[in-house]
Each structure stands twice: as C-alpha cells, then as structure tokens.
file upload_5.cif (mmCIF, C-alpha atoms and all ligand atoms)
data_target
#
loop_
_atom_site.label_atom_id
_atom_site.label_comp_id
_atom_site.auth_asym_id
_atom_site.auth_seq_id
_atom_site.Cartn_x
_atom_site.Cartn_y
_atom_site.Cartn_z
CA MET D 22 -108.03 42.97 10.43
CA THR D 23 -110.34 45.07 12.50
CA THR D 24 -109.62 45.33 16.22
CA ILE D 25 -112.69 44.86 18.39
CA LEU D 26 -112.31 47.22 21.35
CA ASP D 27 -113.56 44.98 24.15
CA GLY D 28 -114.87 47.26 26.87
CA LYS D 29 -116.08 44.44 29.05
CA GLN D 30 -112.67 42.80 29.28
CA THR D 31 -110.85 46.12 29.62
CA ALA D 32 -113.17 47.23 32.43
CA ASN D 33 -112.63 43.92 34.22
CA ASP D 34 -108.85 44.33 33.92
CA LEU D 35 -108.99 47.87 35.30
CA MET D 36 -111.17 46.74 38.18
CA VAL D 37 -108.51 44.33 39.44
CA THR D 38 -106.17 47.26 40.12
CA LEU D 39 -108.96 49.39 41.47
CA LYS D 40 -110.09 46.70 43.90
CA ALA D 41 -106.61 46.62 45.39
CA GLU D 42 -106.67 50.41 45.75
CA VAL D 43 -110.03 50.25 47.53
CA ALA D 44 -108.66 47.61 49.91
CA GLN D 45 -105.69 49.87 50.71
CA LEU D 46 -108.00 52.80 51.37
CA ILE D 47 -110.18 50.70 53.65
CA ALA D 48 -107.07 49.55 55.52
CA ARG D 49 -106.29 53.21 56.12
CA GLY D 50 -109.78 53.85 57.48
CA VAL D 51 -111.40 55.28 54.35
CA THR D 52 -114.24 53.30 52.79
CA PRO D 53 -115.10 55.05 49.51
CA GLY D 54 -118.75 56.09 49.54
CA LEU D 55 -120.89 56.59 46.44
CA ALA D 56 -124.43 57.98 46.68
CA VAL D 57 -126.75 57.29 43.76
CA VAL D 58 -129.98 59.25 43.57
CA LEU D 59 -132.75 57.90 41.35
CA VAL D 60 -135.93 59.90 40.88
CA GLY D 61 -138.92 58.10 39.35
CA ASP D 62 -139.14 54.70 37.74
CA ASP D 63 -137.65 54.99 34.27
CA PRO D 64 -136.76 51.34 33.54
CA ALA D 65 -133.51 52.10 31.70
CA SER D 66 -132.31 54.35 34.54
CA ALA D 67 -133.17 51.65 37.08
CA ILE D 68 -130.97 49.17 35.18
CA TYR D 69 -128.08 51.65 34.89
CA VAL D 70 -128.26 52.41 38.60
CA ARG D 71 -128.37 48.73 39.51
CA ASN D 72 -125.29 48.03 37.36
CA LYS D 73 -123.38 50.90 38.98
CA GLN D 74 -124.28 49.70 42.46
CA ARG D 75 -123.33 46.10 41.73
CA ARG D 76 -119.97 47.15 40.41
CA ALA D 77 -119.36 49.37 43.43
CA GLU D 78 -120.18 46.58 45.85
CA LYS D 79 -117.87 44.13 44.06
CA LEU D 80 -115.03 46.60 44.53
CA GLY D 81 -115.71 47.24 48.21
CA ILE D 82 -117.08 50.73 47.59
CA ARG D 83 -120.01 51.54 49.87
CA SER D 84 -122.91 52.44 47.62
CA VAL D 85 -125.97 54.16 49.00
CA LYS D 86 -129.09 54.43 46.90
CA HIS D 87 -131.74 57.10 47.39
CA THR D 88 -134.88 56.32 45.44
CA LEU D 89 -137.42 59.13 45.28
CA PRO D 90 -140.89 58.92 43.72
CA ALA D 91 -141.54 60.32 40.23
CA ASP D 92 -143.60 63.20 41.66
CA THR D 93 -140.79 64.38 43.98
CA ASP D 94 -140.58 68.17 44.06
CA GLN D 95 -137.46 70.18 43.50
CA ALA D 96 -137.07 71.21 47.16
CA THR D 97 -137.10 67.59 48.36
CA LEU D 98 -134.44 66.59 45.85
CA LEU D 99 -132.30 69.61 46.74
CA ALA D 100 -132.61 68.73 50.45
CA THR D 101 -131.44 65.17 49.68
CA ILE D 102 -128.41 66.56 47.85
CA ALA D 103 -127.64 69.02 50.66
CA ALA D 104 -127.62 66.15 53.17
CA LEU D 105 -125.25 64.13 50.97
CA ASN D 106 -122.98 67.17 50.48
CA ALA D 107 -122.70 67.40 54.27
CA ASP D 108 -122.15 63.65 54.82
CA ALA D 109 -118.42 63.03 55.32
CA SER D 110 -118.81 59.31 54.52
CA ILE D 111 -119.96 60.15 50.96
CA ASP D 112 -117.23 60.91 48.41
CA GLY D 113 -119.26 60.92 45.22
CA ILE D 114 -122.84 61.95 44.45
CA LEU D 115 -124.55 60.84 41.25
CA VAL D 116 -128.05 61.98 40.33
CA GLN D 117 -129.22 59.71 37.56
CA LEU D 118 -130.48 61.60 34.49
CA PRO D 119 -132.96 62.24 32.98
CA LEU D 120 -135.03 63.77 35.78
CA PRO D 121 -138.83 64.12 35.73
CA PRO D 122 -140.15 67.27 33.98
CA GLN D 123 -141.09 69.19 37.16
CA ILE D 124 -137.41 69.22 38.18
CA ASP D 125 -134.88 71.77 36.92
CA GLU D 126 -131.93 69.59 35.97
CA ALA D 127 -129.45 72.49 35.84
CA ALA D 128 -130.37 73.59 39.36
CA VAL D 129 -129.90 70.05 40.66
CA ILE D 130 -126.48 69.68 39.08
CA ALA D 131 -125.48 73.11 40.42
CA ALA D 132 -126.49 72.01 43.94
CA ILE D 133 -124.00 69.12 44.05
CA ALA D 134 -120.74 70.07 45.79
CA PRO D 135 -118.21 70.27 42.89
CA ASP D 136 -115.75 68.08 44.79
CA LYS D 137 -118.39 65.35 45.19
CA ASP D 138 -119.69 65.69 41.63
CA VAL D 139 -118.58 62.24 40.50
CA ASP D 140 -120.28 62.72 37.10
CA GLY D 141 -118.29 65.88 36.34
CA PHE D 142 -121.47 67.67 35.25
CA HIS D 143 -121.12 70.72 37.56
CA ALA D 144 -120.08 73.94 35.79
CA VAL D 145 -116.96 74.10 37.98
CA ASN D 146 -115.81 70.71 36.72
CA VAL D 147 -116.79 71.53 33.13
CA GLY D 148 -114.68 74.69 33.48
CA ARG D 149 -111.78 72.66 34.84
CA LEU D 150 -112.02 70.31 31.84
CA TRP D 151 -112.00 73.18 29.33
CA THR D 152 -109.08 74.90 31.05
CA ASN D 153 -107.23 71.55 31.17
CA THR D 154 -106.88 71.60 34.95
CA PRO D 155 -107.52 68.62 37.27
CA GLY D 156 -111.15 67.90 38.07
CA VAL D 157 -113.82 65.26 37.74
CA VAL D 158 -114.69 64.37 34.14
CA ALA D 159 -117.90 62.81 32.80
CA SER D 160 -117.64 59.02 33.02
CA THR D 161 -118.50 58.06 29.44
CA PRO D 162 -115.81 60.19 27.76
CA LEU D 163 -113.31 59.27 30.46
CA GLY D 164 -114.08 55.58 29.97
CA ILE D 165 -113.57 55.98 26.22
CA MET D 166 -110.15 57.57 26.82
CA ALA D 167 -109.23 54.67 29.11
CA LEU D 168 -110.33 52.17 26.45
CA LEU D 169 -108.23 53.88 23.75
CA ASP D 170 -105.29 53.98 26.14
CA HIS D 171 -105.67 50.28 26.97
CA TYR D 172 -105.40 49.43 23.27
CA GLY D 173 -102.44 51.78 22.75
CA ILE D 174 -104.42 54.07 20.44
CA ALA D 175 -102.87 57.55 20.62
CA VAL D 176 -105.11 60.50 19.77
CA ALA D 177 -102.49 63.27 19.49
CA GLY D 178 -102.59 64.84 16.03
CA LYS D 179 -105.56 62.75 14.93
CA HIS D 180 -108.71 64.29 13.53
CA ALA D 181 -111.43 63.30 15.97
CA VAL D 182 -115.00 63.82 14.80
CA ILE D 183 -117.74 63.64 17.41
CA VAL D 184 -121.36 63.19 16.41
CA GLY D 185 -123.57 64.64 19.16
CA ARG D 186 -123.10 67.65 21.45
CA SER D 187 -124.69 66.56 24.74
CA ASN D 188 -123.37 67.70 28.11
CA ILE D 189 -122.97 64.04 29.10
CA VAL D 190 -120.96 62.78 26.10
CA GLY D 191 -120.25 65.02 23.09
CA ARG D 192 -118.99 68.17 24.78
CA PRO D 193 -116.82 66.57 27.48
CA MET D 194 -115.48 64.11 24.88
CA ALA D 195 -114.36 67.07 22.80
CA GLY D 196 -112.65 68.66 25.81
CA LEU D 197 -110.77 65.49 26.73
CA LEU D 198 -109.64 64.81 23.17
CA LEU D 199 -108.48 68.41 22.80
CA ASN D 200 -106.55 68.11 26.07
CA HIS D 201 -104.85 65.06 24.52
CA ASP D 202 -103.86 67.04 21.41
CA ALA D 203 -106.41 65.75 18.94
CA THR D 204 -107.91 68.09 16.34
CA VAL D 205 -111.58 68.04 17.22
CA THR D 206 -114.72 68.58 15.17
CA ILE D 207 -118.11 68.46 16.90
CA THR D 208 -121.04 67.69 14.62
CA HIS D 209 -124.74 67.55 15.49
CA SER D 210 -128.27 67.44 14.11
CA LYS D 211 -127.94 70.88 12.46
CA THR D 212 -124.60 70.13 10.75
CA PRO D 213 -124.99 70.31 6.96
CA ASP D 214 -123.46 67.37 5.08
CA LEU D 215 -122.52 65.65 8.32
CA PHE D 216 -121.24 62.52 6.62
CA ALA D 217 -118.67 64.54 4.64
CA LEU D 218 -117.14 65.32 8.04
CA THR D 219 -117.43 61.83 9.53
CA ARG D 220 -115.60 60.52 6.45
CA GLN D 221 -112.60 62.68 7.42
CA ALA D 222 -112.37 61.22 10.92
CA ASP D 223 -109.35 59.24 12.08
CA LEU D 224 -111.34 58.76 15.30
CA LEU D 225 -115.12 58.82 15.14
CA VAL D 226 -117.18 59.03 18.34
CA VAL D 227 -120.91 58.60 17.81
CA ALA D 228 -123.48 59.60 20.42
CA THR D 229 -126.71 60.42 18.62
CA GLY D 230 -129.20 58.01 20.15
CA GLN D 231 -130.29 57.03 16.65
CA PRO D 232 -130.04 53.31 15.91
CA GLU D 233 -127.40 52.40 13.32
CA PHE D 234 -127.07 56.03 12.19
CA ILE D 235 -123.51 55.58 10.91
CA THR D 236 -123.08 53.15 8.02
CA ALA D 237 -119.94 52.05 6.14
CA ASP D 238 -120.07 54.89 3.61
CA ALA D 239 -119.78 57.45 6.45
CA VAL D 240 -116.47 56.02 7.69
CA LYS D 241 -112.91 56.46 6.43
CA PRO D 242 -111.18 53.08 5.93
CA GLY D 243 -109.04 52.28 8.96
CA ALA D 244 -110.77 54.77 11.29
CA VAL D 245 -111.23 54.06 14.99
CA VAL D 246 -115.00 54.00 15.63
CA ILE D 247 -116.45 54.48 19.11
CA ASP D 248 -120.17 53.77 19.48
CA VAL D 249 -121.81 55.31 22.54
CA GLY D 250 -125.35 54.30 21.51
CA MET D 251 -127.67 51.90 23.27
CA ASP D 252 -130.72 51.77 21.05
CA ARG D 253 -133.46 49.39 20.02
CA ASN D 254 -133.79 48.89 16.28
CA ALA D 255 -137.13 48.30 14.50
CA ALA D 256 -136.91 44.60 15.38
CA GLY D 257 -136.42 45.40 19.09
CA LYS D 258 -132.78 44.30 19.11
CA LEU D 259 -130.23 46.20 21.22
CA VAL D 260 -127.96 48.05 18.77
CA GLY D 261 -125.66 51.06 18.77
CA ASP D 262 -125.59 54.32 16.83
CA VAL D 263 -123.22 52.59 14.41
CA ASP D 264 -124.27 49.86 11.97
CA PHE D 265 -121.70 47.40 13.29
CA ALA D 266 -122.15 44.79 10.52
CA SER D 267 -121.35 47.22 7.70
CA VAL D 268 -118.83 49.44 9.53
CA ALA D 269 -116.68 46.78 11.23
CA PRO D 270 -115.05 45.55 7.99
CA VAL D 271 -114.11 49.15 7.04
CA ALA D 272 -112.91 50.37 10.46
CA GLY D 273 -109.44 49.83 11.88
CA ALA D 274 -110.95 49.37 15.34
CA ILE D 275 -114.52 49.48 16.66
CA THR D 276 -116.46 49.10 19.90
CA PRO D 277 -119.28 46.53 20.01
CA VAL D 278 -122.72 47.22 21.53
CA PRO D 279 -123.18 45.90 24.13
CA GLY D 280 -119.75 45.30 25.66
CA GLY D 281 -117.95 48.38 24.39
CA VAL D 282 -118.44 51.82 25.92
CA GLY D 283 -121.05 50.81 28.53
CA PRO D 284 -118.78 48.80 30.86
CA MET D 285 -116.07 51.46 30.49
CA THR D 286 -118.48 54.17 31.66
CA ILE D 287 -119.10 52.26 34.86
CA ALA D 288 -115.39 51.56 35.29
CA ALA D 289 -114.61 55.27 34.92
CA LEU D 290 -117.26 56.14 37.49
CA MET D 291 -115.66 53.73 39.95
CA MET D 292 -112.18 55.10 39.27
CA GLN D 293 -113.39 58.62 39.96
CA THR D 294 -115.17 57.58 43.15
CA VAL D 295 -111.87 56.16 44.38
CA THR D 296 -109.98 59.30 43.32
CA LEU D 297 -112.44 61.44 45.28
CA ALA D 298 -112.16 59.15 48.34
CA LYS D 299 -108.36 59.44 48.30
CA ARG D 300 -108.71 63.15 49.02
CA ARG D 301 -109.84 62.26 52.55
CA LEU D 302 -106.26 61.12 53.27
CA GLN D 303 -104.83 64.52 52.40
N1 LIG D 401 -127.86 59.19 32.33
C1 LIG D 401 -127.23 58.69 31.22
N2 LIG D 401 -125.90 58.68 31.40
C2 LIG D 401 -125.67 59.19 32.62
C3 LIG D 401 -124.49 59.44 33.38
O1 LIG D 401 -123.37 59.21 32.95
N3 LIG D 401 -124.68 59.96 34.61
C4 LIG D 401 -125.90 60.26 35.10
N4 LIG D 401 -125.99 60.79 36.30
N5 LIG D 401 -127.02 60.04 34.43
C5 LIG D 401 -126.90 59.52 33.19
#

call {"tool": "encode", "arguments": {"input": "upload_5.cif", "output": "structure tokens"}}
result
Amino acid sequence: MTTILDGKQTANDLMVTLKAEVAQLIARGVTPGLAVVLVGDDPASAIYVRNKQRRAEKLGIRSVKHTLPADTDQATLLATIAALNADASIDGILVQLPLPPQIDEAAVIAAIAPDKDVDGFHAVNVGRLWTNTPGVVASTPLGIMALLDHYGIAVAGKHAVIVGRSNIVGRPMAGLLLNHDATVTITHSKTPDLFALTRQADLLVVATGQPEFITADAVKPGAVVIDVGMDRNAAGKLVGDVDFASVAPVAGAITPVPGGVGPMTIAALMMQTVTLAKRRLQ
C-alpha cells in the first residue's frame, strides 16, 4: 500500500497550532508582519502571492503587499526593501521570484536584512544552513521536512537523491537532508545516466520543472517520492515532475500534485514568519 503524503491536510493541521501561537504573540503586543513584494504581472506569481497572503490573514499575521510595475528599476526596488528593513512592524520580507530581466536578482536578495529574509535566500542564511547553525531556511525544503516528519518518515541514514540544483529547492533541500543525517546525491541536467542514480534513492525529491519527468522505471520499489513540480502537460492539465499514475504503485509514499508540497511551502513560510516575529520578545 502506497502512502499518499497529504500536504493539504498536514498544512491545515500545522496551522491550528500556529494560529494559537500567533494569538499569543498578539496578546503580548507583537503582531507578526509579513511583507510580500511582487514586481510585474506574471500570472503564476500573482496566484502564489495571493495564496500566501490569504494564509497569513487566516492566521492573524499582518500581510502587506507591495506591487511594483514590470518596468520598475533596480533602485526603486532596493529603496522599497530598505524601507521594509527599517520598518519595525515587519518581521519577514519576501520578494517573489522570478524578477523582470532588468533587475539583478542576486543584488535584491543581498539587500534584504538577513534576519528578515523569510525565504532564507540571503547568503548569510545559506551559510547558516550549510554550517548547520540556526537560521531561516527556504520554505519549500523546510515544508518537505515538516511533511516527512508528520508522517514519521526518518531520513537519517537514507540515500536521498535530489533532481534539480536550484537555489530555491535543490540546494537547500540537500543542506537540510544532510543536517538530518541523510546521504545526499544532487543530480541535474548535466548528470550522465541520471536515472541510474534516481533508482538508488530511498528518498527521491524531484524539482526539475519538467512535466512527468520521473516515471516508474526511474524509482526503486518502496521509495519515498517527493514531487515539487507544478507543470502543465501537453493536454494543459496541472501535473508534477513525477508521473503520478505510474510511480504511485511502485513508491512506498508519494506526494500528489496539487495538494502535496505546495501547501507545505506556504505553511513553512508562515512558521518562519512567526519564528522571526518571536525575536521581538527577546
Ligand atoms: N518563486 C517560486 N518559489 C518561490 C519562493 O519560495 N519564494 C519566492 N520569493 N519566490 C518564489
């Protein structure tokens, strides 16, 4: 029997506890504040941002959205970030990626105060992750760890194979799994015979952005399969990077798309916003 790792239900369960924590913070005079900066009108980004804001509001987190036009210049965006860095009512700053081509993404991430960098993308937080010291961690990998934890899936000693090496998912996922004593292999588009490696995975995390890239013959029977993808297939249907229909019968556990990793990413973002807000009490 394959376990379906239900991210929607798990996120909802986690939010019950988190809502109580937010209420306690508010009672002590601290309303967690999350600033979301959206540049341009990419439709997918607009949906992501709306979902994050809705979730924040349901929890009692104050969410402030800054929408800037697609032709915004670098200096204007940096000035917006500087103002949010200086705003004591804001605990977390999230600049939705991707940014328009005239903007230097690395410079923008570097401009966010590391202790308000709720995405964990700043080099200081990346360094904290890779030295296994406390810091903010990227939401998608953190949400995946919380999902595994919720289902009692231990990663220590397991061979975790990650497909994709992005700063948002693949690399921080590797750091977190390593910090939890997994043996980690990172594969990517230049990896020869990639499927020979995925077939060795006890835990397979797929973040390629290619619809249904992983099929049953790429998966070891009984493996835990985590699908980070949100793709449209040729028929226009929302699918993941894993061919769920063929892989689910082979896997020991698998995330669906939608309803797997996505809701957990948002839950992790909310948890980290609350963690950052708690620092105001210290
Ligand atoms: N774009 C896709 N995923 C993310 C994310 O986790 N954070 C931000 N800021 N942008 C994204």

call {"tool": "closest_residue", "arguments": {"input": "upload_5.cif", "among": "D:Trp151, D:Phe142, D:Tyr172, D:Phe265", "to": "ligand LIG 401 (chain D)", "atoms": "all atoms listed in the file"}}
result
D:Phe142

call {"tool": "residues_around", "arguments": {"input": "upload_5.cif", "residues": "Gly280 of chain D", "least_positions_apart": "6", "cutoff": "9 Å", "atoms": "all atoms listed in the file", "output": "compact mmCIF listing (two decimals) with C-alpha atoms, in the frame of the given file"}}
result
# COMPACT_ATOMS: atom_id res chain seq x y z
CA LEU D 26 -112.31 47.22 21.35
CA ASP D 27 -113.56 44.98 24.15
CA GLY D 28 -114.87 47.26 26.87
CA LYS D 29 -116.08 44.44 29.05
CA GLN D 30 -112.67 42.80 29.28

call {"tool": "residues_near_ligand", "arguments": {"input": "upload_5.cif", "ligand": "ligand LIG 401 (chain D)", "cutoff": "8 Å", "atoms": "all atoms listed in the file", "output": "NGL selection string"}}
result
:D and (66 or 69 or 115-119 or 140 or 159-161 or 189 or 286)

call {"tool": "write_last_selection", "arguments": {"input": "upload_5.cif", "atoms": "C-alpha atoms", "output": "short mmCIF file (atom, residue, chain, number, x, y, z; two decimals), keeping the file's coordinate frame"}}
result
data_model
loop_
_atom_site.label_atom_id
_atom_site.label_comp_id
_atom_site.auth_asym_id
_atom_site.auth_seq_id
_atom_site.Cartn_x
_atom_site.Cartn_y
_atom_site.Cartn_z
CA SER D 66 -132.31 54.35 34.54
CA TYR D 69 -128.08 51.65 34.89
CA LEU D 115 -124.55 60.84 41.25
CA VAL D 116 -128.05 61.98 40.33
CA GLN D 117 -129.22 59.71 37.56
CA LEU D 118 -130.48 61.60 34.49
CA PRO D 119 -132.96 62.24 32.98
CA ASP D 140 -120.28 62.72 37.10
CA ALA D 159 -117.90 62.81 32.80
CA SER D 160 -117.64 59.02 33.02
CA THR D 161 -118.50 58.06 29.44
CA ILE D 189 -122.97 64.04 29.10
CA THR D 286 -118.48 54.17 31.66
#

call {"tool": "closest_residue", "arguments": {"input": "upload_5.cif", "among": "D:Lys73, D:Lys211, D:His87, D:Arg149", "to": "Gly283 of chain D", "atoms": "all atoms listed in the file"}}
result
D:Lys73

call {"tool": "residues_around", "arguments": {"input": "upload_5.cif", "residues": "segment 237-241 of chain D", "least_positions_apart": "4", "cutoff": "12 Å", "atoms": "only C-alpha atoms", "output": "NGL selection string"}}
result
:D and (180-182 or 184 or 214-227 or 233 or 245-247 or 263-275)

call {"tool": "atom_distance", "arguments": {"input": "upload_5.cif", "atom1": "atom CA of Ile235 of chain D", "atom2": "atom CA of Gly250 of chain D"}}
result
10.8 Å

call {"tool": "closest_residue", "arguments": {"input": "upload_5.cif", "among": "D:Gln95, D:Arg83, D:Gln74, D:Ser110", "to": "Arg301 of chain D", "atoms": "all atoms listed in the file"}}
result
D:Ser110

call {"tool": "closest_residue", "arguments": {"input": "upload_5.cif", "among": "D:Gly185, D:Pro193, D:Gly281, D:Gly61", "to": "Leu150 of chain D", "atoms": "only C-alpha atoms"}}
result
D:Pro193

call {"tool": "residues_around", "arguments": {"input": "upload_5.cif", "residues": "Val249 of chain D", "least_positions_apart": "5", "cutoff": "7 Å", "atoms": "all atoms listed in the file", "output": "JSON, numbers by chain"}}
result
{"D": [227, 228, 261, 262, 282]}

call {"tool": "closest_residue", "arguments": {"input": "upload_5.cif", "among": "D:Met291, D:Val147, D:Ala175, D:Leu302", "to": "Thr38 of chain D", "atoms": "all atoms listed in the file"}}
result
D:Met291

call {"tool": "closest_residue", "arguments": {"input": "upload_5.cif", "among": "D:Val158, D:Ala167, D:Val129, D:Val295", "to": "Ala195 of chain D", "atoms": "only C-alpha atoms"}}
result
D:Val158

call {"tool": "atom_distance", "arguments": {"input": "upload_5.cif", "atom1": "atom CA of Val157 of chain D", "atom2": "atom CA of Ser210 of chain D"}}
result
27.8 Å
